[in-house]
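See below for protein_6.pdb, which holds PDB, C-alpha atoms.
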ATOM      1  CA  MET A1469       7.481   6.979 -29.575
ATOM      2  CA  ARG A1470       4.784   4.422 -28.880
ATOM      3  CA  LYS A1471       4.177   3.707 -25.204
ATOM      4  CA  ILE A1472       2.600   0.735 -23.504
ATOM      5  CA  ASN A1473       1.480   0.061 -19.940
ATOM      6  CA  ILE A1474       2.016  -3.491 -18.724
ATOM      7  CA  ASP A1475       1.439  -5.298 -15.471
ATOM      8  CA  SER A1476       4.594  -6.435 -13.668
ATOM      9  CA  ASN A1477       3.359 -10.002 -14.221
ATOM     10  CA  GLU A1478       3.657  -9.422 -17.968
ATOM     11  CA  ILE A1479       7.383  -8.714 -17.896
ATOM     12  CA  ASN A1480       8.857 -11.551 -19.936
ATOM     13  CA  PRO A1481      12.269 -10.348 -21.124
ATOM     14  CA  PHE A1482      13.647 -11.622 -24.400
ATOM     15  CA  ILE A1483      17.439 -11.331 -24.580
ATOM     16  CA  ARG A1484      18.590 -10.604 -28.101
ATOM     17  CA  ARG A1485      22.325  -9.991 -27.663
ATOM     18  CA  ALA A1486      24.903  -9.514 -24.891
ATOM     19  CA  GLY A1487      28.557  -8.545 -24.915
ATOM     20  CA  LEU A1488      31.381  -6.374 -23.635
ATOM     21  CA  GLN A1489      31.404  -2.677 -24.470
ATOM     22  CA  GLY A1490      34.433  -1.399 -26.342
ATOM     23  CA  SER A1491      36.721   1.220 -24.886
ATOM     24  CA  THR A1492      35.445   4.095 -27.036
ATOM     25  CA  GLY A1493      31.690   4.066 -26.492
ATOM     26  CA  TRP A1494      29.782   5.924 -29.208
ATOM     27  CA  PRO A1495      30.493   9.685 -29.389
ATOM     28  CA  TYR A1496      27.944  10.063 -32.214
ATOM     29  CA  THR A1497      24.162  10.194 -31.741
ATOM     30  CA  ARG A1498      22.727   6.690 -31.879
ATOM     31  CA  LYS A1499      19.210   5.222 -31.813
ATOM     32  CA  LEU A1500      18.120   1.600 -31.405
ATOM     33  CA  TYR A1501      15.054  -0.486 -32.167
ATOM     34  CA  ASP A1502      15.080  -2.243 -28.801
ATOM     35  CA  TYR A1503      16.142  -1.631 -25.203
ATOM     36  CA  GLU A1504      19.807  -1.679 -24.225
ATOM     37  CA  MET A1505      21.076  -2.025 -20.663
ATOM     38  CA  LEU A1506      24.717  -1.448 -19.719
ATOM     39  CA  TYR A1507      26.457  -2.056 -16.415
ATOM     40  CA  PHE A1508      29.800  -0.540 -15.373
ATOM     41  CA  ILE A1509      31.572  -3.246 -13.365
ATOM     42  CA  LYS A1510      34.476  -0.832 -13.331
ATOM     43  CA  GLY A1511      35.436   2.290 -15.210
ATOM     44  CA  LYS A1512      34.323   5.862 -15.794
ATOM     45  CA  GLY A1513      32.502   7.771 -18.481
ATOM     46  CA  LYS A1514      29.590  10.036 -19.282
ATOM     47  CA  ILE A1515      26.305   9.450 -21.061
ATOM     48  CA  GLU A1516      23.745  11.640 -22.778
ATOM     49  CA  ILE A1517      20.298  10.077 -23.238
ATOM     50  CA  ALA A1518      17.526  12.244 -24.667
ATOM     51  CA  SER A1519      19.481  15.369 -23.591
ATOM     52  CA  GLU A1520      19.793  14.038 -20.008
ATOM     53  CA  LYS A1521      23.482  13.900 -19.029
ATOM     54  CA  SER A1522      25.087  11.757 -16.312
ATOM     55  CA  MET A1523      28.581  10.976 -15.084
ATOM     56  CA  LEU A1524      29.287   7.252 -14.913
ATOM     57  CA  SER A1525      31.402   5.147 -12.567
ATOM     58  CA  SER A1526      31.544   1.643 -11.130
ATOM     59  CA  GLY A1527      28.033   0.519 -10.241
ATOM     60  CA  SER A1528      26.316   2.603 -12.945
ATOM     61  CA  VAL A1529      23.417   0.956 -14.752
ATOM     62  CA  LEU A1530      22.164   2.550 -17.966
ATOM     63  CA  LEU A1531      18.840   1.743 -19.576
ATOM     64  CA  ILE A1532      18.457   3.215 -23.060
ATOM     65  CA  PRO A1533      14.898   2.991 -24.455
ATOM     66  CA  PRO A1534      14.105   2.342 -28.123
ATOM     67  CA  ASN A1535      14.157   5.229 -30.577
ATOM     68  CA  THR A1536      15.949   7.430 -28.040
ATOM     69  CA  PRO A1537      19.085   9.413 -28.989
ATOM     70  CA  SER A1538      22.158   8.655 -26.898
ATOM     71  CA  LYS A1539      25.887   9.305 -26.766
ATOM     72  CA  LEU A1540      28.365   7.380 -24.606
ATOM     73  CA  PHE A1541      31.863   8.601 -23.791
ATOM     74  CA  ILE A1542      34.218   6.239 -21.913
ATOM     75  CA  THR A1543      37.049   8.065 -20.158
ATOM     76  CA  ASP A1544      38.734   5.042 -18.555
ATOM     77  CA  LYS A1545      40.353   2.727 -21.101
ATOM     78  CA  ASN A1546      40.437  -0.096 -18.532
ATOM     79  CA  SER A1547      36.682  -0.085 -18.107
ATOM     80  CA  ASN A1548      34.735  -3.337 -17.805
ATOM     81  CA  ILE A1549      31.222  -2.774 -19.148
ATOM     82  CA  ILE A1550      28.653  -5.417 -20.038
ATOM     83  CA  TRP A1551      25.721  -4.658 -22.326
ATOM     84  CA  VAL A1552      22.547  -6.522 -23.210
ATOM     85  CA  HIS A1553      19.922  -5.841 -25.877
ATOM     86  CA  PHE A1554      16.433  -7.040 -24.963
ATOM     87  CA  ASP A1555      12.666  -6.558 -25.053
ATOM     88  CA  PHE A1556      10.554  -6.404 -21.895
ATOM     89  CA  PHE A1557       8.239  -9.014 -23.394
ATOM     90  CA  TYR A1558       8.668 -11.540 -26.169
ATOM     91  CA  VAL A1559       7.832 -10.382 -29.693
ATOM     92  CA  SER A1560       7.516 -13.152 -32.252
ATOM     93  CA  GLU A1561       8.907 -12.049 -35.591
ATOM     94  CA  GLU A1562      10.961 -13.292 -38.490
ATOM     95  CA  GLU A1563      12.789 -10.051 -39.242
ATOM     96  CA  GLU A1564      16.148  -9.418 -37.622
ATOM     97  CA  ILE A1565      16.884  -6.033 -36.096
ATOM     98  CA  ASP A1566      19.623  -4.100 -37.855
ATOM     99  CA  TYR A1567      21.776  -2.514 -35.155
ATOM    100  CA  TYR A1568      23.539  -0.266 -37.651
ATOM    101  CA  ASP A1569      20.352   1.350 -38.935
ATOM    102  CA  MET A1570      20.882   4.798 -37.432
ATOM    103  CA  TYR A1571      17.718   6.212 -38.969
ATOM    104  CA  LEU A1572      15.451   3.338 -37.884
ATOM    105  CA  LYS A1573      14.006   3.010 -41.365
ATOM    106  CA  GLN A1574      11.914  -0.036 -40.424
ATOM    107  CA  GLN A1575       9.518   1.838 -38.188
ATOM    108  CA  HIS A1576       7.387  -1.222 -37.477
ATOM    109  CA  LEU A1577      10.321  -2.827 -35.635
ATOM    110  CA  ILE A1578      10.672  -0.022 -33.087
ATOM    111  CA  ARG A1579       9.702  -1.335 -29.667
ATOM    112  CA  PRO A1580       7.317   0.700 -27.506
ATOM    113  CA  LYS A1581       8.523   2.395 -24.348
ATOM    114  CA  VAL A1582       7.370   0.343 -21.381
ATOM    115  CA  PHE A1583       5.617   1.661 -18.270
ATOM    116  CA  LEU A1584       4.405  -0.526 -15.454
ATOM    117  CA  ASN A1585       0.651  -0.388 -14.970
ATOM    118  CA  ASN A1586       0.940   2.162 -12.161
ATOM    119  CA  GLY A1587       2.875   4.608 -14.311
ATOM    120  CA  PHE A1588       6.381   3.688 -13.188
ATOM    121  CA  THR A1589       9.060   3.908 -15.845
ATOM    122  CA  PHE A1590      12.706   2.996 -15.505
ATOM    123  CA  PRO A1591      15.307   5.747 -15.069
ATOM    124  CA  TYR A1592      18.017   6.179 -17.670
ATOM    125  CA  HIS A1593      20.791   5.942 -15.069
ATOM    126  CA  ILE A1594      21.124   4.772 -11.483
ATOM    127  CA  ILE A1595      24.014   3.850  -9.203
ATOM    128  CA  ILE A1596      23.493   0.366  -7.807
ATOM    129  CA  ASN A1597      23.838  -0.106  -4.040
ATOM    130  CA  ASP A1598      24.703  -3.813  -4.087
ATOM    131  CA  THR A1599      27.447  -3.738  -6.713
ATOM    132  CA  GLU A1600      28.783  -7.197  -5.856
ATOM    133  CA  LYS A1601      25.456  -8.889  -6.566
ATOM    134  CA  MET A1602      24.792  -6.825  -9.693
ATOM    135  CA  SER A1603      28.262  -7.515 -11.097
ATOM    136  CA  SER A1604      27.747 -11.231 -10.492
ATOM    137  CA  ASN A1605      24.356 -11.163 -12.237
ATOM    138  CA  PHE A1606      25.637  -9.362 -15.327
ATOM    139  CA  GLN A1607      28.710 -11.582 -15.592
ATOM    140  CA  GLU A1608      26.573 -14.712 -15.305
ATOM    141  CA  LEU A1609      24.155 -13.395 -17.926
ATOM    142  CA  LEU A1610      27.038 -12.721 -20.328
ATOM    143  CA  ASN A1611      28.580 -16.163 -19.713
ATOM    144  CA  CYS A1612      25.213 -17.833 -20.211
ATOM    145  CA  TYR A1613      24.645 -15.978 -23.485
ATOM    146  CA  GLN A1614      28.097 -16.760 -24.831
ATOM    147  CA  GLN A1615      28.046 -20.445 -23.908
ATOM    148  CA  HIS A1616      24.600 -21.159 -25.368
ATOM    149  CA  SER A1617      24.226 -24.240 -23.183
ATOM    150  CA  LEU A1618      20.967 -26.199 -22.875
ATOM    151  CA  PHE A1619      18.022 -23.841 -22.176
ATOM    152  CA  TRP A1620      20.371 -20.846 -22.110
ATOM    153  CA  GLN A1621      17.507 -18.527 -23.149
ATOM    154  CA  LEU A1622      15.528 -19.475 -20.049
ATOM    155  CA  ARG A1623      18.515 -18.908 -17.763
ATOM    156  CA  CYS A1624      19.305 -15.525 -19.349
ATOM    157  CA  LYS A1625      15.673 -14.530 -18.925
ATOM    158  CA  SER A1626      15.687 -15.436 -15.233
ATOM    159  CA  ILE A1627      18.907 -13.504 -14.601
ATOM    160  CA  LEU A1628      17.605 -10.401 -16.371
ATOM    161  CA  LEU A1629      14.401 -10.602 -14.341
ATOM    162  CA  GLU A1630      16.527 -10.590 -11.183
ATOM    163  CA  ILE A1631      18.401  -7.535 -12.470
ATOM    164  CA  ILE A1632      15.153  -5.722 -13.316
ATOM    165  CA  TYR A1633      13.714  -6.562  -9.893
ATOM    166  CA  SER A1634      16.854  -5.222  -8.152
ATOM    167  CA  ILE A1635      16.581  -1.947 -10.063
ATOM    168  CA  ILE A1636      12.873  -1.532  -9.274
ATOM    169  CA  ASN A1637      13.425  -2.482  -5.642
ATOM    170  CA  GLN A1638      16.120   0.174  -5.244
ATOM    171  CA  VAL A1639      14.447   2.989  -7.182
ATOM    172  CA  TYR A1640      10.808   2.393  -6.380
ATOM    173  CA  THR A1641      10.614   3.382  -2.714
ATOM    174  CA  GLU A1642       8.071   5.544  -0.955
ATOM    175  CA  GLU A1643      10.725   8.223  -0.476
ATOM    176  CA  SER A1644      11.280   8.498  -4.228
ATOM    177  CA  TYR A1645       7.692   7.832  -5.191
ATOM    178  CA  PRO A1646       6.655  11.452  -5.765
ATOM    179  CA  ASP A1647       9.562  11.795  -8.190
ATOM    180  CA  VAL A1648       8.531   8.894 -10.410
ATOM    181  CA  LEU A1649       4.784   8.904 -10.058
ATOM    182  CA  SER A1650       2.382  11.772  -9.461
ATOM    183  CA  LYS A1651      -0.251  11.718  -6.745
ATOM    184  CA  GLU A1652      -2.862  12.104  -9.452
ATOM    185  CA  ARG A1653      -1.663   8.882 -11.057
ATOM    186  CA  ILE A1654      -1.840   7.049  -7.717
ATOM    187  CA  VAL A1655      -5.459   8.108  -7.277
ATOM    188  CA  TYR A1656      -6.232   7.181 -10.880
ATOM    189  CA  ASP A1657      -4.784   3.671 -10.455
ATOM    190  CA  ILE A1658      -6.659   3.076  -7.211
ATOM    191  CA  ARG A1659      -9.942   4.219  -8.718
ATOM    192  CA  GLN A1660      -9.486   2.088 -11.825
ATOM    193  CA  TYR A1661      -8.801  -0.983  -9.733
ATOM    194  CA  ILE A1662     -11.914  -0.349  -7.632
ATOM    195  CA  TYR A1663     -14.085   0.246 -10.693
ATOM    196  CA  GLN A1664     -12.911  -3.000 -12.270
ATOM    197  CA  TYR A1665     -13.048  -5.287  -9.228
ATOM    198  CA  TYR A1666     -15.623  -3.737  -6.860
ATOM    199  CA  GLN A1667     -17.815  -6.863  -7.133
ATOM    200  CA  HIS A1668     -15.071  -8.959  -5.529
ATOM    201  CA  LYS A1669     -13.927  -9.090  -1.941
ATOM    202  CA  LEU A1670     -11.286  -6.344  -1.861
ATOM    203  CA  THR A1671      -8.869  -5.365   0.880
ATOM    204  CA  LEU A1672      -6.913  -2.179   1.370
ATOM    205  CA  GLY A1673      -3.711  -4.183   1.022
ATOM    206  CA  GLU A1674      -4.750  -5.593  -2.343
ATOM    207  CA  ILE A1675      -5.667  -2.174  -3.702
ATOM    208  CA  ALA A1676      -2.488  -0.520  -2.392
ATOM    209  CA  ASN A1677      -0.407  -3.359  -3.796
ATOM    210  CA  TYR A1678      -1.824  -2.669  -7.258
ATOM    211  CA  ALA A1679      -0.621   0.921  -6.940
ATOM    212  CA  GLY A1680       2.758  -0.396  -5.779
ATOM    213  CA  ILE A1681       2.799   1.343  -2.394
ATOM    214  CA  SER A1682       2.080   0.621   1.273
ATOM    215  CA  ASN A1683      -1.414   0.662   2.783
ATOM    216  CA  ASN A1684      -0.808   3.765   4.878
ATOM    217  CA  TYR A1685       0.804   5.732   2.075
ATOM    218  CA  ALA A1686      -1.977   4.791  -0.380
ATOM    219  CA  ASN A1687      -4.690   5.796   2.087
ATOM    220  CA  ARG A1688      -2.968   9.049   3.000
ATOM    221  CA  ILE A1689      -2.487  10.154  -0.605
ATOM    222  CA  PHE A1690      -5.990   9.086  -1.637
ATOM    223  CA  LYS A1691      -7.655  10.952   1.228
ATOM    224  CA  GLU A1692      -5.487  13.997   0.632
ATOM    225  CA  MET A1693      -6.562  14.107  -3.018
ATOM    226  CA  THR A1694     -10.238  13.045  -2.711
ATOM    227  CA  GLY A1695     -11.358  13.642   0.864
ATOM    228  CA  GLU A1696     -12.243   9.944   1.249
ATOM    229  CA  THR A1697     -10.363   6.917   2.446
ATOM    230  CA  ILE A1698      -9.953   4.121  -0.090
ATOM    231  CA  ILE A1699     -12.508   1.892   1.658
ATOM    232  CA  GLN A1700     -15.007   4.768   1.879
ATOM    233  CA  HIS A1701     -14.635   5.324  -1.864
ATOM    234  CA  LEU A1702     -15.021   1.602  -2.526
ATOM    235  CA  ASN A1703     -18.188   1.354  -0.449
ATOM    236  CA  ASN A1704     -19.690   4.508  -1.944
ATOM    237  CA  TYR A1705     -19.042   3.194  -5.447
ATOM    238  CA  ARG A1706     -20.685  -0.116  -4.550
ATOM    239  CA  LEU A1707     -23.696   1.708  -3.085
ATOM    240  CA  LYS A1708     -24.038   3.860  -6.201
ATOM    241  CA  LYS A1709     -24.145   0.678  -8.274
ATOM    242  CA  ALA A1710     -26.638  -0.879  -5.855
ATOM    243  CA  VAL A1711     -28.994   2.106  -6.073
ATOM    244  CA  ARG A1712     -29.009   1.803  -9.853
ATOM    245  CA  ILE A1713     -29.825  -1.902  -9.665
ATOM    246  CA  ILE A1714     -32.628  -1.332  -7.131
ATOM    247  CA  GLU A1715     -34.163   1.320  -9.376
ATOM    248  CA  ASN A1716     -34.032  -0.846 -12.487
ATOM    249  CA  SER A1717     -34.620  -4.439 -11.372
ATOM    250  CA  ASN A1718     -36.648  -6.715  -9.156
ATOM    251  CA  LEU A1719     -33.651  -8.615  -7.815
ATOM    252  CA  THR A1720     -33.695  -9.509  -4.133
ATOM    253  CA  ILE A1721     -31.809  -7.316  -1.692
ATOM    254  CA  GLU A1722     -29.544 -10.252  -0.856
ATOM    255  CA  HIS A1723     -28.705 -10.753  -4.529
ATOM    256  CA  ILE A1724     -28.027  -7.052  -5.062
ATOM    257  CA  ALA A1725     -25.774  -6.861  -2.011
ATOM    258  CA  GLU A1726     -23.717  -9.787  -3.247
ATOM    259  CA  SER A1727     -23.562  -8.516  -6.837
ATOM    260  CA  VAL A1728     -21.906  -5.237  -5.771
ATOM    261  CA  GLY A1729     -19.422  -6.807  -3.379
ATOM    262  CA  PHE A1730     -21.184  -6.795   0.008
ATOM    263  CA  ALA A1731     -21.014 -10.285   1.489
ATOM    264  CA  ASN A1732     -23.092  -9.284   4.524
ATOM    265  CA  THR A1733     -26.679  -8.170   3.827
ATOM    266  CA  TYR A1734     -27.060  -6.513   7.231
ATOM    267  CA  TYR A1735     -23.907  -4.447   6.647
ATOM    268  CA  PHE A1736     -25.151  -3.545   3.170
ATOM    269  CA  SER A1737     -28.493  -2.343   4.581
ATOM    270  CA  ARG A1738     -26.749  -0.296   7.246
ATOM    271  CA  MET A1739     -24.412   1.319   4.702
ATOM    272  CA  MET A1740     -27.323   1.928   2.307
ATOM    273  CA  LYS A1741     -29.287   3.779   4.990
ATOM    274  CA  LYS A1742     -26.244   5.889   5.782
ATOM    275  CA  TYR A1743     -25.734   6.622   2.083
ATOM    276  CA  THR A1744     -29.372   7.376   1.074
ATOM    277  CA  GLY A1745     -31.193   7.843   4.348
ATOM    278  CA  LYS A1746     -33.282   4.750   3.613
ATOM    279  CA  SER A1747     -32.824   1.000   3.899
ATOM    280  CA  PRO A1748     -32.736  -0.928   0.583
ATOM    281  CA  ARG A1749     -36.377  -2.016   0.971
ATOM    282  CA  GLN A1750     -37.506   1.510   1.902
ATOM    283  CA  TYR A1751     -35.605   2.904  -1.083
ATOM    284  CA  ARG A1752     -37.322   0.430  -3.406
ATOM    285  CA  THR A1753     -40.826   1.409  -2.195
ATOM    286  CA  LYS A1754     -40.278   5.153  -2.057
TER     287      LYS A1754
END

Here is a file; write its structure as structure tokens.
Amino acid sequence: MRKINIDSNEINPFIRRAGLQGSTGWPYTRKLYDYEMLYFIKGKGKIEIASEKSMLSSGSVLLIPPNTPSKLFITDKNSNIIWVHFDFFYVSEEEEIDYYDMYLKQQHLIRPKVFLNNGFTFPYHIIINDTEKMSSNFQELLNCYQQHSLFWQLRCKSILLEIIYSIINQVYTEESYPDVLSKERIVYDIRQYIYQYYQHKLTLGEIANYAGISNNYANRIFKEMTGETIIQHLNNYRLKKAVRIIENSNLTIEHIAESVGFANTYYFSRMMKKYTGKSPRQYRTK
């Protein structure tokens, strides 16, 4: 399956269909072109998604990725289950998706599996804590889809965004972080952010926010894995860039300091001497 990393700001859900799940589920193996989310307002059942099995009850949310085998068994005939087919971002196309194409013959229509830019991916199944709010959101989304009132697409989009945020907010905690994202990936994300934006004024909070975790947790993991704090790594990377510029240009020290992200020339000189044993001017004339 194709995979894609997107920034949380790029989530722009496109709702394709919504409805009520029948009382039988689908006991056969099924695959879809797009994402499907189901919510058990009430009822019981069991699901198998990519060989991962779960028991279902009121408050269960299922998220079935594209091109992923699944089987759903509903054991309570009085279940109330709402489903929605969607993409995480809008895809402009003329071709309609065939929901009865079990073999996904039109390979070009298969949506990629979405990861957030820090590696987070959505679980197949979670039990929602705030069931009253989630039930209200799903019911409103279904009503909005069925009524097709003015700007219904926009309203459905906003409701689904609220649902997605609630899921992320519940699952994506520091306590569960090691289960959904490796320490190596945290360090990788932090480094990539530094390497891309080192010329700008960066704060620990901004960098940690990109990784999706708190300042303290980001610093602790980064130092554990690299031996440096995040700010130490940032400054050392800036100084490495500065040394290269000094060796290969006649730019002023003030200009070099600013170009690598040091707003204060005195601080830059002090850090440079600590890093190389020489001030910028001494390094240039060595």

Interface rows for range 1502-1574 of chain A against range 1604-1628 of chain A: nearest pair, Å to one decimal, 10 Å, only C-alpha atoms, as a Markdown table:
| residue | atom | partner | partner_atom | distance |
| --- | --- | --- | --- | --- |
| A:Leu1506 | CA | A:Phe1606 | CA | 9.1 |
| A:Tyr1507 | CA | A:Phe1606 | CA | 7.4 |
| A:Phe1508 | CA | A:Phe1606 | CA | 9.8 |
| A:Ile1509 | CA | A:Phe1606 | CA | 8.7 |
| A:Ile1549 | CA | A:Phe1606 | CA | 9.4 |
| A:Ile1550 | CA | A:Phe1606 | CA | 6.8 |
| A:Trp1551 | CA | A:Leu1610 | CA | 8.4 |
| A:Val1552 | CA | A:Leu1610 | CA | 8.2 |
| A:Phe1554 | CA | A:Leu1628 | CA | 9.3 |
| A:Phe1556 | CA | A:Leu1628 | CA | 9.8 |

The PyMOL selection byres ((chain A and resi 1682) around 12) applied to the shown file, residues as a list of chain:residue names: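 Checked against the file, the PyMOL selection byres ((chain A and resi 1682) around 12) matches A:Tyr1640, A:Thr1641, A:Glu1642, A:Glu1643, A:Tyr1645, A:Ile1654, A:Leu1672, A:Gly1673, A:Glu1674, A:Ile1675, A:Ala1676, A:Asn1677, A:Tyr1678, A:Ala1679, A:Gly1680, A:Ile1681, A:Asn1683, A:Asn1684, A:Tyr1685, A:Ala1686, A:Asn1687, A:Arg1688, A:Ile1689.
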
Explicit residues for the PyMOL selection byres ((chain A and resi 1489-1502) around 10) (as an MDAnalysis selection string): chainID A and resid 1484 1486:1488 1503:1504 1506:1508 1511 1513:1518 1532:1556 1565:1581

By how many Å are CA of Thr1744 in chain A and CA of Asp1657 in chain A apart? 27.4 Å

By how many Å are CA of Glu1520 in chain A and CA of Tyr1592 in chain A apart?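 A separation of 8.4 Å between them.
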
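Using only C-alpha atoms, the nearest neighbour of Ser1476 in chain A within the list A:Tyr1633, A:Asn1732, A:Lys1709, A:His1593 is A:Tyr1633.
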
Result set of the PyMOL selection byres ((chain A and resi 1725) around 10) on the coordinates above, as a PyMOL selection string: chain A and resi 1667+1706-1707+1709-1710+1713+1719-1724+1726-1737+1740+1748

Would you compute the distance between CA of Val1711 in chain A and CA of Arg1752 in chain A? Give it in Å to one decimal.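 Between these atoms lies a distance of 8.9 Å.
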
For range 1490-1508 of chain A, I'd like the enclosing box, axis-aligned and padded by 5 Å on every side, reported as lines of an AutoDock Vina configuration file with centre and edge lengths in Å to one decimal.
center_x = 25.9
center_y = 4.0
center_z = -23.8
size_x = 31.7
size_y = 22.4
size_z = 26.8

Go through A:Gln1750, A:Met1739, A:Phe1482, A:Ile1635 one by one, measure the shortest atom-to-atom distance of each to Ser1560 in chain A using all atoms listed in the file, and give the residue with the smallest value.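 Among A:Gln1750, A:Met1739, A:Phe1482, A:Ile1635, it is A:Phe1482 that comes nearest to Ser1560 in chain A.
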
Using only C-alpha atoms, find all polymer residues with an atom at most 10 Å away from the point (-12.3, 2.5, 0.1); report them as an MDAnalysis selection string. chainID A and resid 1658:1659 1662 1666 1670:1672 1675 1687 1690:1691 1696:1706

Which residue out of A:Ser1747, A:Ser1526, A:Thr1694, A:Asn1480 has the minimum interatomic distance to Ser1603 in chain A when only C-alpha atoms are used? A:Ser1526

Please supply range 1708-1727 of chain A, rebuilt with N, CA and C atoms, as a PDB file, in the coordinates of the input.
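What ended up in out-v8.pdb:
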ATOM      1  N   LYS A1708     -23.523   3.188  -5.007  1.00  0.00           N
ATOM      2  CA  LYS A1708     -24.038   3.860  -6.201  1.00  0.00           C
ATOM      3  C   LYS A1708     -24.511   2.834  -7.226  1.00  0.00           C
ATOM      4  N   LYS A1709     -23.745   1.758  -7.378  1.00  0.00           N
ATOM      5  CA  LYS A1709     -24.145   0.678  -8.274  1.00  0.00           C
ATOM      6  C   LYS A1709     -25.410  -0.007  -7.761  1.00  0.00           C
ATOM      7  N   ALA A1710     -25.480  -0.206  -6.442  1.00  0.00           N
ATOM      8  CA  ALA A1710     -26.638  -0.879  -5.855  1.00  0.00           C
ATOM      9  C   ALA A1710     -27.913  -0.068  -6.063  1.00  0.00           C
ATOM     10  N   VAL A1711     -27.835   1.234  -5.879  1.00  0.00           N
ATOM     11  CA  VAL A1711     -28.994   2.106  -6.073  1.00  0.00           C
ATOM     12  C   VAL A1711     -29.521   1.974  -7.501  1.00  0.00           C
ATOM     13  N   ARG A1712     -28.604   1.919  -8.453  1.00  0.00           N
ATOM     14  CA  ARG A1712     -29.009   1.803  -9.853  1.00  0.00           C
ATOM     15  C   ARG A1712     -29.716   0.473 -10.111  1.00  0.00           C
ATOM     16  N   ILE A1713     -29.201  -0.584  -9.479  1.00  0.00           N
ATOM     17  CA  ILE A1713     -29.825  -1.902  -9.665  1.00  0.00           C
ATOM     18  C   ILE A1713     -31.209  -1.931  -9.021  1.00  0.00           C
ATOM     19  N   ILE A1714     -31.333  -1.370  -7.820  1.00  0.00           N
ATOM     20  CA  ILE A1714     -32.628  -1.332  -7.131  1.00  0.00           C
ATOM     21  C   ILE A1714     -33.662  -0.596  -7.965  1.00  0.00           C
ATOM     22  N   GLU A1715     -33.241   0.503  -8.590  1.00  0.00           N
ATOM     23  CA  GLU A1715     -34.163   1.320  -9.376  1.00  0.00           C
ATOM     24  C   GLU A1715     -34.584   0.651 -10.686  1.00  0.00           C
ATOM     25  N   ASN A1716     -33.782  -0.302 -11.152  1.00  0.00           N
ATOM     26  CA  ASN A1716     -34.032  -0.846 -12.487  1.00  0.00           C
ATOM     27  C   ASN A1716     -34.209  -2.363 -12.528  1.00  0.00           C
ATOM     28  N   SER A1717     -34.441  -2.992 -11.365  1.00  0.00           N
ATOM     29  CA  SER A1717     -34.620  -4.439 -11.372  1.00  0.00           C
ATOM     30  C   SER A1717     -35.490  -4.870 -10.202  1.00  0.00           C
ATOM     31  N   ASN A1718     -35.886  -6.125 -10.250  1.00  0.00           N
ATOM     32  CA  ASN A1718     -36.648  -6.715  -9.156  1.00  0.00           C
ATOM     33  C   ASN A1718     -35.826  -7.754  -8.400  1.00  0.00           C
ATOM     34  N   LEU A1719     -34.527  -7.671  -8.503  1.00  0.00           N
ATOM     35  CA  LEU A1719     -33.651  -8.615  -7.815  1.00  0.00           C
ATOM     36  C   LEU A1719     -33.810  -8.474  -6.308  1.00  0.00           C
ATOM     37  N   THR A1720     -33.587  -9.559  -5.590  1.00  0.00           N
ATOM     38  CA  THR A1720     -33.695  -9.509  -4.133  1.00  0.00           C
ATOM     39  C   THR A1720     -32.574  -8.645  -3.558  1.00  0.00           C
ATOM     40  N   ILE A1721     -32.818  -8.143  -2.364  1.00  0.00           N
ATOM     41  CA  ILE A1721     -31.809  -7.316  -1.692  1.00  0.00           C
ATOM     42  C   ILE A1721     -30.538  -8.130  -1.459  1.00  0.00           C
ATOM     43  N   GLU A1722     -30.703  -9.384  -1.095  1.00  0.00           N
ATOM     44  CA  GLU A1722     -29.544 -10.252  -0.856  1.00  0.00           C
ATOM     45  C   GLU A1722     -28.712 -10.392  -2.134  1.00  0.00           C
ATOM     46  N   HIS A1723     -29.397 -10.595  -3.250  1.00  0.00           N
ATOM     47  CA  HIS A1723     -28.705 -10.753  -4.529  1.00  0.00           C
ATOM     48  C   HIS A1723     -27.983  -9.462  -4.924  1.00  0.00           C
ATOM     49  N   ILE A1724     -28.639  -8.347  -4.718  1.00  0.00           N
ATOM     50  CA  ILE A1724     -28.027  -7.052  -5.062  1.00  0.00           C
ATOM     51  C   ILE A1724     -26.787  -6.806  -4.208  1.00  0.00           C
ATOM     52  N   ALA A1725     -26.918  -7.065  -2.912  1.00  0.00           N
ATOM     53  CA  ALA A1725     -25.774  -6.861  -2.011  1.00  0.00           C
ATOM     54  C   ALA A1725     -24.571  -7.666  -2.482  1.00  0.00           C
ATOM     55  N   GLU A1726     -24.811  -8.916  -2.809  1.00  0.00           N
ATOM     56  CA  GLU A1726     -23.717  -9.787  -3.247  1.00  0.00           C
ATOM     57  C   GLU A1726     -23.148  -9.345  -4.590  1.00  0.00           C
ATOM     58  N   SER A1727     -24.016  -8.881  -5.482  1.00  0.00           N
ATOM     59  CA  SER A1727     -23.562  -8.516  -6.837  1.00  0.00           C
ATOM     60  C   SER A1727     -22.665  -7.288  -6.853  1.00  0.00           C
TER      61      SER A1727
END
